[in-house]
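Structure file model_34.cif (mmCIF, C-alpha atoms) is printed below.
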```cif
data_start
#
loop_
_atom_site.group_PDB
_atom_site.id
_atom_site.type_symbol
_atom_site.label_atom_id
_atom_site.label_comp_id
_atom_site.auth_asym_id
_atom_site.auth_seq_id
_atom_site.Cartn_x
_atom_site.Cartn_y
_atom_site.Cartn_z
ATOM 1 C CA GLU I 543 -24.087 -71.798 -53.046
ATOM 2 C CA PRO I 544 -27.501 -73.404 -52.455
ATOM 3 C CA LEU I 545 -28.001 -76.584 -50.490
ATOM 4 C CA SER I 546 -29.362 -79.561 -52.395
ATOM 5 C CA ASP I 547 -33.021 -80.469 -52.004
ATOM 6 C CA ALA I 548 -31.982 -83.649 -50.180
ATOM 7 C CA ASP I 549 -29.860 -81.714 -47.660
ATOM 8 C CA ARG I 550 -32.656 -79.206 -47.045
ATOM 9 C CA GLU I 551 -35.057 -82.045 -46.361
ATOM 10 C CA ARG I 552 -32.570 -83.609 -43.923
ATOM 11 C CA ILE I 553 -32.184 -80.289 -42.065
ATOM 12 C CA THR I 554 -35.966 -79.884 -41.837
ATOM 13 C CA ALA I 555 -36.313 -83.404 -40.489
ATOM 14 C CA ALA I 556 -33.467 -82.899 -37.988
ATOM 15 C CA ALA I 557 -35.014 -79.655 -36.701
ATOM 16 C CA SER I 558 -38.231 -81.565 -35.969
ATOM 17 C CA MET I 559 -36.558 -84.196 -33.784
ATOM 18 C CA THR I 560 -37.547 -84.275 -30.121
ATOM 19 C CA ASP I 561 -34.035 -85.355 -29.107
ATOM 20 C CA GLY I 562 -32.084 -82.072 -29.112
ATOM 21 C CA ALA I 563 -28.629 -83.671 -28.989
ATOM 22 C CA ARG I 564 -29.418 -85.944 -31.910
ATOM 23 C CA SER I 565 -30.898 -83.016 -33.849
ATOM 24 C CA LEU I 566 -27.704 -80.969 -33.427
ATOM 25 C CA GLU I 567 -25.517 -83.907 -34.422
ATOM 26 C CA GLU I 568 -27.531 -84.536 -37.580
ATOM 27 C CA ILE I 569 -27.402 -80.861 -38.651
ATOM 28 C CA GLN I 570 -23.637 -80.757 -38.104
ATOM 29 C CA GLN I 571 -23.184 -83.850 -40.290
ATOM 30 C CA ILE I 572 -24.951 -81.972 -43.095
ATOM 31 C CA LEU I 573 -23.203 -78.599 -42.724
ATOM 32 C CA ASP I 574 -19.663 -79.547 -41.668
ATOM 33 C CA PRO I 575 -18.593 -80.855 -45.112
ATOM 34 C CA ARG I 576 -19.324 -77.323 -46.417
ATOM 35 C CA CYS I 577 -17.112 -75.589 -43.832
ATOM 36 C CA LEU I 578 -13.849 -74.134 -45.068
ATOM 37 C CA LEU I 579 -12.706 -73.291 -41.528
ATOM 38 C CA THR I 580 -13.453 -74.238 -37.942
ATOM 39 C CA ILE I 581 -12.945 -71.422 -35.416
ATOM 40 C CA ARG I 582 -12.680 -71.982 -31.668
ATOM 41 C CA ILE I 583 -13.146 -69.141 -29.189
ATOM 42 C CA ASN I 584 -11.899 -70.464 -25.868
ATOM 43 C CA PRO I 585 -13.291 -69.412 -22.452
ATOM 44 C CA GLU I 586 -10.687 -66.600 -22.354
ATOM 45 C CA SER I 587 -11.959 -65.285 -25.716
ATOM 46 C CA ARG I 588 -8.776 -66.293 -27.531
ATOM 47 C CA ILE I 589 -9.193 -67.546 -31.078
ATOM 48 C CA SER I 590 -7.708 -70.488 -32.950
ATOM 49 C CA VAL I 591 -8.441 -71.483 -36.550
ATOM 50 C CA ASP I 592 -8.318 -74.927 -38.182
ATOM 51 C CA ARG I 593 -8.996 -76.147 -41.685
ATOM 52 C CA GLY I 594 -12.505 -77.460 -42.296
ATOM 53 C CA GLY I 595 -13.624 -80.339 -44.495
ATOM 54 C CA ALA I 596 -14.842 -78.420 -47.568
ATOM 55 C CA PRO I 597 -12.787 -78.734 -50.776
ATOM 56 C CA ALA I 598 -10.979 -75.421 -51.344
ATOM 57 C CA ARG I 599 -12.166 -74.496 -54.828
ATOM 58 C CA LEU I 600 -12.488 -70.969 -56.219
ATOM 59 C CA VAL I 601 -13.003 -69.434 -59.649
ATOM 60 C CA GLU I 602 -10.794 -66.801 -61.260
ATOM 61 C CA GLN I 603 -12.320 -63.283 -61.100
ATOM 62 C CA GLY I 604 -15.351 -64.661 -59.236
ATOM 63 C CA TRP I 605 -16.840 -65.160 -55.747
ATOM 64 C CA ARG I 606 -17.582 -68.373 -53.866
ATOM 65 C CA ALA I 607 -19.404 -68.791 -50.545
ATOM 66 C CA TYR I 608 -18.327 -71.150 -47.766
ATOM 67 C CA LEU I 609 -19.515 -71.906 -44.269
ATOM 68 C CA VAL I 610 -17.349 -71.288 -41.206
ATOM 69 C CA LYS I 611 -18.058 -73.318 -38.062
ATOM 70 C CA VAL I 612 -17.701 -71.321 -34.833
ATOM 71 C CA ARG I 613 -17.366 -72.970 -31.411
ATOM 72 C CA ASN I 614 -17.976 -70.071 -29.059
ATOM 73 C CA GLU I 615 -16.960 -71.363 -25.627
ATOM 74 C CA ALA I 616 -16.762 -67.806 -24.257
ATOM 75 C CA GLY I 617 -20.302 -66.876 -25.318
ATOM 76 C CA VAL I 618 -19.059 -63.588 -26.814
ATOM 77 C CA THR I 619 -21.284 -61.512 -29.099
ATOM 78 C CA GLY I 620 -18.756 -59.340 -30.945
ATOM 79 C CA VAL I 621 -18.137 -59.091 -34.686
ATOM 80 C CA LEU I 622 -15.960 -61.964 -35.890
ATOM 81 C CA SER I 623 -13.593 -60.750 -38.634
ATOM 82 C CA LEU I 624 -11.647 -62.904 -41.055
ATOM 83 C CA GLU I 625 -8.363 -61.639 -42.469
ATOM 84 C CA SER I 626 -5.497 -62.759 -44.660
ATOM 85 C CA PRO I 627 -2.198 -61.250 -45.847
ATOM 86 C CA GLN I 628 -3.256 -62.358 -49.324
ATOM 87 C CA ALA I 629 -6.454 -60.246 -49.015
ATOM 88 C CA ARG I 630 -4.715 -56.902 -48.438
ATOM 89 C CA PRO I 631 -5.310 -54.159 -51.050
ATOM 90 C CA VAL I 632 -2.986 -53.849 -54.033
ATOM 91 C CA TYR I 633 -2.750 -50.073 -53.600
ATOM 92 C CA ARG I 634 -2.100 -47.445 -50.949
ATOM 93 C CA ARG I 635 -4.449 -44.471 -50.852
ATOM 94 C CA GLY I 636 -2.716 -41.121 -51.335
ATOM 95 C CA THR I 637 -3.021 -38.170 -48.943
ATOM 96 C CA GLY I 638 -3.637 -34.455 -49.359
ATOM 97 C CA LEU I 639 -3.623 -33.408 -53.009
ATOM 98 C CA ALA I 640 -2.223 -36.804 -54.010
ATOM 99 C CA MET I 641 -5.479 -38.738 -53.612
ATOM 100 C CA ALA I 642 -4.702 -41.138 -56.454
ATOM 101 C CA PRO I 643 -3.801 -44.721 -55.440
ATOM 102 C CA GLN I 644 -0.128 -45.406 -54.893
ATOM 103 C CA SER I 645 1.123 -48.833 -55.902
ATOM 104 C CA VAL I 646 2.717 -51.269 -53.487
ATOM 105 C CA ARG I 647 5.762 -53.404 -54.271
ATOM 106 C CA PRO I 648 5.407 -55.736 -57.299
ATOM 107 C CA ALA I 649 5.957 -58.747 -55.029
ATOM 108 C CA ASP I 650 3.083 -57.604 -52.812
ATOM 109 C CA VAL I 651 0.761 -57.229 -55.811
ATOM 110 C CA THR I 652 1.530 -60.803 -56.864
ATOM 111 C CA ASP I 653 0.886 -62.166 -53.364
ATOM 112 C CA ARG I 654 -2.344 -60.232 -52.751
ATOM 113 C CA TRP I 655 -4.577 -62.292 -55.023
ATOM 114 C CA LEU I 656 -7.453 -62.948 -52.589
ATOM 115 C CA ASP I 657 -10.415 -60.929 -51.350
ATOM 116 C CA LEU I 658 -12.706 -62.055 -48.541
ATOM 117 C CA ASP I 659 -15.824 -60.770 -46.865
ATOM 118 C CA THR I 660 -17.653 -62.088 -43.809
ATOM 119 C CA TYR I 661 -21.335 -62.023 -44.742
ATOM 120 C CA GLY I 662 -23.400 -60.213 -42.107
ATOM 121 C CA GLN I 663 -26.509 -59.141 -44.005
ATOM 122 C CA LYS I 664 -29.995 -60.562 -43.528
ATOM 123 C CA PRO I 665 -30.851 -63.243 -42.616
ATOM 124 C CA MET I 666 -27.471 -63.281 -40.831
ATOM 125 C CA GLU I 667 -26.430 -60.720 -38.209
ATOM 126 C CA PRO I 668 -23.076 -58.869 -38.037
ATOM 127 C CA GLN I 669 -22.426 -60.026 -34.452
ATOM 128 C CA LEU I 670 -22.052 -63.521 -33.116
ATOM 129 C CA SER I 671 -25.162 -64.846 -31.388
ATOM 130 C CA GLY I 672 -23.366 -65.959 -28.198
ATOM 131 C CA LEU I 673 -24.500 -69.554 -28.747
ATOM 132 C CA GLU I 674 -21.943 -72.266 -28.126
ATOM 133 C CA LEU I 675 -22.172 -73.401 -31.748
ATOM 134 C CA GLU I 676 -23.090 -71.469 -34.870
ATOM 135 C CA TYR I 677 -22.202 -71.207 -38.556
ATOM 136 C CA ARG I 678 -21.103 -68.076 -40.389
ATOM 137 C CA ILE I 679 -20.736 -67.361 -44.126
ATOM 138 C CA VAL I 680 -17.514 -66.169 -45.769
ATOM 139 C CA LEU I 681 -17.291 -64.955 -49.372
ATOM 140 C CA LEU I 682 -13.983 -65.463 -51.213
ATOM 141 C CA TYR I 683 -12.797 -63.861 -54.462
ATOM 142 C CA SER I 684 -9.746 -64.888 -56.494
ATOM 143 C CA ARG I 685 -8.007 -62.533 -58.896
ATOM 144 C CA ASP I 686 -5.848 -65.331 -60.356
ATOM 145 C CA ARG I 687 -6.169 -68.911 -61.555
ATOM 146 C CA GLY I 688 -4.278 -72.096 -60.663
ATOM 147 C CA ARG I 689 -3.153 -73.413 -57.270
ATOM 148 C CA ARG I 690 -2.812 -70.565 -54.774
ATOM 149 C CA GLU I 691 -2.200 -70.653 -51.017
ATOM 150 C CA ALA I 692 -3.696 -68.250 -48.510
ATOM 151 C CA HIS I 693 -3.229 -67.886 -44.768
ATOM 152 C CA ILE I 694 -6.629 -67.102 -43.245
ATOM 153 C CA GLY I 695 -7.142 -65.964 -39.667
ATOM 154 C CA ALA I 696 -9.852 -64.535 -37.449
ATOM 155 C CA SER I 697 -10.193 -62.042 -34.602
ATOM 156 C CA LEU I 698 -12.733 -60.313 -32.405
ATOM 157 C CA GLY I 699 -10.418 -57.337 -31.920
ATOM 158 C CA PRO I 700 -6.924 -56.781 -30.484
ATOM 159 C CA GLY I 701 -5.729 -59.428 -28.042
ATOM 160 C CA THR I 702 -8.124 -62.197 -29.089
ATOM 161 C CA GLU I 703 -5.663 -64.165 -31.238
ATOM 162 C CA ASP I 704 -4.410 -67.397 -29.698
ATOM 163 C CA ILE I 705 -0.791 -67.758 -28.620
ATOM 164 C CA GLY I 706 1.510 -68.680 -31.491
ATOM 165 C CA PHE I 707 0.198 -68.831 -35.018
ATOM 166 C CA ARG I 708 -2.905 -70.965 -34.563
ATOM 167 C CA ASN I 709 -5.139 -67.981 -35.208
ATOM 168 C CA ARG I 710 -4.241 -68.498 -38.897
ATOM 169 C CA THR I 711 -4.341 -71.608 -41.022
ATOM 170 C CA ALA I 712 -2.981 -72.265 -44.510
ATOM 171 C CA VAL I 713 -5.493 -73.160 -47.226
ATOM 172 C CA LEU I 714 -4.373 -74.347 -50.667
ATOM 173 C CA PHE I 715 -7.001 -73.389 -53.254
ATOM 174 C CA ASP I 716 -7.604 -74.789 -56.717
ATOM 175 C CA VAL I 717 -8.801 -71.809 -58.764
ATOM 176 C CA ALA I 718 -10.635 -72.648 -61.989
ATOM 177 C CA PRO I 719 -10.111 -70.243 -64.916
ATOM 178 C CA SER I 720 -12.778 -67.803 -66.052
ATOM 179 C CA ARG I 721 -13.068 -66.402 -69.576
ATOM 180 C CA ASP I 722 -12.519 -63.147 -71.442
ATOM 181 C CA VAL I 723 -15.705 -61.572 -72.798
ATOM 182 C CA THR I 724 -15.219 -59.074 -75.627
ATOM 183 C CA LEU I 725 -17.235 -55.849 -75.448
ATOM 184 C CA ARG I 726 -18.398 -54.377 -78.745
ATOM 185 C CA VAL I 727 -19.211 -50.676 -78.325
ATOM 186 C CA ARG I 728 -20.683 -48.397 -81.023
ATOM 187 C CA ASP I 729 -21.769 -44.785 -80.660
ATOM 188 C CA GLU I 730 -25.001 -43.273 -81.988
ATOM 189 C CA ASN I 731 -23.420 -42.981 -85.455
ATOM 190 C CA GLY I 732 -22.253 -46.593 -85.541
ATOM 191 C CA ARG I 733 -18.595 -45.756 -84.940
ATOM 192 C CA ALA I 734 -16.359 -47.711 -82.589
ATOM 193 C CA SER I 735 -16.338 -46.007 -79.200
ATOM 194 C CA MET I 736 -15.441 -46.275 -75.510
ATOM 195 C CA ALA I 737 -17.967 -46.616 -72.680
ATOM 196 C CA SER I 738 -18.218 -47.119 -68.938
ATOM 197 C CA PHE I 739 -19.497 -50.425 -67.571
ATOM 198 C CA VAL I 740 -20.851 -51.348 -64.138
ATOM 199 C CA VAL I 741 -20.950 -55.134 -63.798
ATOM 200 C CA LYS I 742 -22.728 -56.797 -60.873
ATOM 201 C CA ASP I 743 -23.805 -60.334 -60.062
ATOM 202 C CA ARG I 744 -27.222 -61.215 -58.674
ATOM 203 C CA PHE I 745 -26.008 -60.488 -55.124
ATOM 204 C CA GLY I 746 -24.943 -56.951 -56.050
ATOM 205 C CA ARG I 747 -21.197 -57.694 -55.969
ATOM 206 C CA VAL I 748 -19.156 -55.522 -58.351
ATOM 207 C CA TYR I 749 -16.801 -57.022 -60.961
ATOM 208 C CA PRO I 750 -13.847 -56.841 -61.105
ATOM 209 C CA ALA I 751 -13.544 -56.717 -57.288
ATOM 210 C CA ARG I 752 -12.602 -53.139 -56.424
ATOM 211 C CA SER I 753 -9.916 -54.054 -53.876
ATOM 212 C CA LYS I 754 -8.043 -56.101 -56.516
ATOM 213 C CA ARG I 755 -8.164 -53.641 -59.428
ATOM 214 C CA LEU I 756 -5.017 -52.597 -61.198
ATOM 215 C CA ALA I 757 -4.645 -49.709 -63.654
ATOM 216 C CA PRO I 758 -6.421 -48.793 -65.875
ATOM 217 C CA ASP I 759 -9.309 -49.866 -63.588
ATOM 218 C CA PHE I 760 -9.830 -47.730 -60.459
ATOM 219 C CA PHE I 761 -10.669 -49.000 -56.967
ATOM 220 C CA PHE I 762 -12.564 -45.850 -55.926
ATOM 221 C CA GLN I 763 -15.437 -46.197 -58.404
ATOM 222 C CA GLU I 764 -17.797 -48.969 -59.443
ATOM 223 C CA GLN I 765 -17.431 -48.563 -63.200
ATOM 224 C CA ILE I 766 -14.669 -49.683 -65.496
ATOM 225 C CA TYR I 767 -13.889 -48.263 -68.962
ATOM 226 C CA ARG I 768 -13.538 -50.352 -72.095
ATOM 227 C CA ALA I 769 -13.119 -49.415 -75.745
ATOM 228 C CA ASP I 770 -14.659 -51.365 -78.603
ATOM 229 C CA GLY I 771 -12.966 -54.754 -78.831
ATOM 230 C CA GLU I 772 -11.495 -54.740 -75.309
ATOM 231 C CA THR I 773 -12.385 -57.436 -72.793
ATOM 232 C CA ILE I 774 -13.531 -58.113 -69.250
ATOM 233 C CA ARG I 775 -12.843 -61.423 -67.510
ATOM 234 C CA LEU I 776 -15.925 -63.021 -65.939
ATOM 235 C CA PRO I 777 -16.801 -66.418 -64.454
ATOM 236 C CA ALA I 778 -19.888 -68.325 -65.508
ATOM 237 C CA GLY I 779 -23.105 -66.894 -64.093
ATOM 238 C CA GLU I 780 -25.752 -64.211 -64.451
ATOM 239 C CA PHE I 781 -24.745 -60.539 -64.414
ATOM 240 C CA THR I 782 -26.380 -57.143 -64.695
ATOM 241 C CA ILE I 783 -24.362 -54.788 -66.907
ATOM 242 C CA THR I 784 -24.995 -51.045 -67.141
ATOM 243 C CA CYS I 785 -23.345 -49.300 -70.095
ATOM 244 C CA GLY I 786 -23.099 -45.526 -70.466
ATOM 245 C CA ARG I 787 -20.928 -42.636 -71.641
ATOM 246 C CA GLY I 788 -21.408 -39.430 -69.692
ATOM 247 C CA PRO I 789 -24.530 -37.431 -68.749
ATOM 248 C CA GLU I 790 -25.565 -36.759 -72.348
ATOM 249 C CA TYR I 791 -26.140 -40.486 -72.948
ATOM 250 C CA ILE I 792 -28.985 -42.759 -71.876
ATOM 251 C CA PRO I 793 -27.609 -45.651 -69.754
ATOM 252 C CA GLU I 794 -28.489 -49.146 -70.928
ATOM 253 C CA THR I 795 -28.933 -51.916 -68.352
ATOM 254 C CA ARG I 796 -29.277 -55.549 -69.327
ATOM 255 C CA THR I 797 -29.016 -58.962 -67.702
ATOM 256 C CA VAL I 798 -26.667 -61.432 -69.388
ATOM 257 C CA SER I 799 -25.702 -65.050 -68.778
ATOM 258 C CA ILE I 800 -22.023 -65.911 -69.151
ATOM 259 C CA ASN I 801 -21.350 -69.519 -70.117
ATOM 260 C CA GLN I 802 -18.833 -71.488 -72.150
ATOM 261 C CA SER I 803 -20.322 -70.227 -75.438
ATOM 262 C CA ALA I 804 -20.469 -66.536 -74.468
ATOM 263 C CA SER I 805 -17.632 -64.674 -76.180
ATOM 264 C CA ALA I 806 -18.870 -61.145 -77.017
ATOM 265 C CA LEU I 807 -21.485 -58.600 -75.952
ATOM 266 C CA ASP I 808 -22.707 -55.792 -78.219
ATOM 267 C CA PHE I 809 -23.671 -52.327 -76.949
ATOM 268 C CA ARG I 810 -25.041 -49.344 -78.902
ATOM 269 C CA LEU I 811 -24.809 -45.962 -77.183
ATOM 270 C CA ARG I 812 -27.782 -43.599 -77.332
ATOM 271 C CA ARG I 813 -27.807 -39.854 -76.730
ATOM 272 C CA TRP I 814 -30.680 -37.862 -75.328
ATOM 273 C CA ILE I 815 -28.926 -34.603 -76.339
ATOM 274 C CA ASP I 816 -25.999 -33.581 -78.567
ATOM 275 C CA PRO I 817 -24.650 -30.219 -77.270
ATOM 276 C CA PRO I 818 -22.191 -29.580 -80.172
ATOM 277 C CA SER I 819 -25.072 -29.787 -82.648
ATOM 278 C CA HIS I 820 -26.566 -26.797 -80.811
ATOM 279 C CA GLY I 821 -23.311 -24.833 -80.961
ATOM 280 C CA TRP I 822 -22.233 -25.504 -77.360
ATOM 281 C CA TYR I 823 -18.808 -26.841 -76.438
ATOM 282 C CA SER I 824 -17.531 -27.642 -72.961
ATOM 283 C CA GLY I 825 -14.760 -25.459 -71.541
ATOM 284 C CA ASP I 826 -13.758 -28.225 -69.134
ATOM 285 C CA HIS I 827 -10.096 -29.084 -69.669
ATOM 286 C CA HIS I 828 -10.500 -32.673 -68.425
ATOM 287 C CA ILE I 829 -10.141 -35.247 -71.171
ATOM 288 C CA HIS I 830 -13.396 -36.988 -70.170
ATOM 289 C CA ALA I 831 -15.333 -33.811 -71.059
ATOM 290 C CA ALA I 832 -14.218 -33.982 -74.693
#
```
Represent the supplied structure as C-alpha cells.
Amino acid sequence: EPLSDADRERITAAASMTDGARSLEEIQQILDPRCLLTIRINPESRISVDRGGAPARLVEQGWRAYLVKVRNEAGVTGVLSLESPQARPVYRRGTGLAMAPQSVRPADVTDRWLDLDTYGQKPMEPQLSGLELEYRIVLLYSRDRGRREAHIGASLGPGTEDIGFRNRTAVLFDVAPSRDVTLRVRDENGRASMASFVVKDRFGRVYPARSKRLAPDFFFQEQIYRADGETIRLPAGEFTITCGRGPEYIPETRTVSINQSASALDFRLRRWIDPPSHGWYSGDHHIHAA
C-alpha cells in the first residue's frame, strides 16, 4: 500500500521543519487518513480502541495493509497485539493420534471470515517504541466478499483492556470480489493430472490464507492440490506459483500477474526419473505414493 509521490514529498518536507510541533502535526495530517484504528494506552496501561478515518475496504481472498495510530501515554514497550472474534481459526487442532483438524460449528465457520496480522518485520520492530505517538501496520485478509463486520481489539497482555468494551471497535468492511483462475495441469505424457501448488505474493504471504482454509485444503502445509480444470481464487496482483508432483518431478516456479483478463494458467509436469520404467514400485500404502 505505497504512499503517493506527493505524500512522500510532504513527509520529507515536514521532517525537515525546524518547528517540531508543526512537523508532527503535518505528518499526522498525511498519515491519519490511512489509519483504520486509533489505539490509546492510558497512563495505567489500559487500552481503548476507536475507529480511524481510513475507508474500510478489503478484497476477497487477498490482503490489504492499513496504518494503526497508537497514543502511548504510558510509554510501554511491549508487543501490541490486535485480535478479533472474526479472525479465529476455522478448525481445532486434534490431539494424540488424532492430529487432523477438527471442524468448529458451521455458524462459527461463517463468522470467522477475517485474518489479521500485526506487521513487526523490518523496518518495523515487534515491540512498541515507548514514544508518545507512533504508527503501526496491520495486515487484513478477507475470505469472503460483500459487506462484512468485524470487531477488532488490541492488548498488551492480560489486564490491559479498558473497562467495558472500548478495547474493541466495530468496523464494517466493503470487500471487493476476486476471481477464479483455472489451473490446467498436464503430466509428462500430456494427460490431465493433479499437482501441488504453492502460491505466494511478493511479500511472501501464502494463498489461500492457511488459517482460513477449509477441506480439501489443509492449514498445516503451504501447498494446495488441484486437478486439471480446477480453480483457485486470487485477487489482482503479482504472484509466485510453484507447481510440483512428488519427489520424482522437477518443480516449476513462475511469476504471474493476475488481472481482469487472466482466466487460466497452464502447467506441464516434468519428471527427472520414472521408477516404474525401471521395474520399481513403491510399497507405501498411502494413496499419494501411487
Residues within 9 Å of I:Gly771, all atoms listed in the file, excluding chain neighbours under 2 positions, as number ranges by chain: I: 724-727, 734, 768-769, 773, 806
Taking the file as shown, what set of residues would the PyMOL selection byres ((chain I and resi 608-620) around 7) give back, as a VMD selection string? chain I and resid 576 to 587 606 to 607 621 to 622 669 to 681 698
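Taking atom CA of I:Glu567 as the reference point, atom CA of I:Leu682 is found at 27.5 Å.
What the PyMOL selection byres ((chain I and resi 551-556) around 10) matches in the given file is Leu545, Ser546, Asp547, Ala548, Asp549, Arg550, Ala557, Ser558, Met559, Thr560, Asp561, Gly562, Arg564, Ser565, Leu566, Glu567, Glu568, Ile569, Gln570, Gln571, Ile572 and Leu573 of chain I.
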Any chance you could export the current selection's C-alpha atoms as a compact mmCIF listing (two decimals), in the frame of the given file?
```txt
# COMPACT_ATOMS: atom_id res chain seq x y z
CA LEU I 545 -28.00 -76.58 -50.49
CA SER I 546 -29.36 -79.56 -52.40
CA ASP I 547 -33.02 -80.47 -52.00
CA ALA I 548 -31.98 -83.65 -50.18
CA ASP I 549 -29.86 -81.71 -47.66
CA ARG I 550 -32.66 -79.21 -47.04
CA ALA I 557 -35.01 -79.66 -36.70
CA SER I 558 -38.23 -81.56 -35.97
CA MET I 559 -36.56 -84.20 -33.78
CA THR I 560 -37.55 -84.28 -30.12
CA ASP I 561 -34.03 -85.36 -29.11
CA GLY I 562 -32.08 -82.07 -29.11
CA ARG I 564 -29.42 -85.94 -31.91
CA SER I 565 -30.90 -83.02 -33.85
CA LEU I 566 -27.70 -80.97 -33.43
CA GLU I 567 -25.52 -83.91 -34.42
CA GLU I 568 -27.53 -84.54 -37.58
CA ILE I 569 -27.40 -80.86 -38.65
CA GLN I 570 -23.64 -80.76 -38.10
CA GLN I 571 -23.18 -83.85 -40.29
CA ILE I 572 -24.95 -81.97 -43.10
CA LEU I 573 -23.20 -78.60 -42.72
```
Can you tell me which residues surround stretch 708-719 of chain I at a distance of at most 8 Å, considering all atoms listed in the file, apart from same-chain residues fewer than 4 positions away, and format the answer as a list in words? Ile589, Ser590, Val591, Asp592, Arg593, Ala598, Arg599, Leu600, Val601, Glu602, Ser684, Asp686, Arg687, Gly688, Arg689, Arg690, Glu691, Ala692, His693, Ile694, Gly695, Ala696, Ser697, Glu703, Asp704 and Pro777 of chain I
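Under the PyMOL selection byres ((chain I and resi 748-753) around 7), the matching residues in the shown file are Gln603, Pro631, Val632, Val741, Lys742, Asp743, Gly746, Arg747, Lys754, Arg755, Phe761 and Glu764 of chain I.
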Around stretch 589-601 of chain I, with edges along x, y and z and 5 Å added on all six sides, what centre and edge lengths do you get, in Å to one decimal, as lines of an AutoDock Vina configuration file?
```
center_x = -11.3
center_y = -73.9
center_z = -45.4
size_x = 17.1
size_y = 22.8
size_z = 38.6
```
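As for atom CA of I:Ser824 and atom CA of I:Ala737, they are spaced 19.0 Å apart.
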Between atom CA of I:Leu656 and atom CA of I:Pro597 - distance in Å to one decimal: 16.8 Å
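Ranking I:Ala649, I:Leu624, I:Met736, I:Ala596 by their shortest atom-to-atom distance to I:Glu772, with all atoms listed in the file included, puts I:Met736 first.
Remark: for I:Arg812, the closest of the candidate residues I:Val740, I:Cys785, I:Val798, I:Ala629 is I:Cys785 (distances computed over only C-alpha atoms).
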Taking only C-alpha atoms into account, name the residue in I:Pro648, I:Pro575, I:Pro665, I:Pro793 that is nearest to I:Phe809. I:Pro793
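You can rank I:Leu756, I:Val723, I:Ile766, I:Ala778 by their closest distance to I:Asn801 using all atoms listed in the file, and at the top of that list sits I:Ala778.
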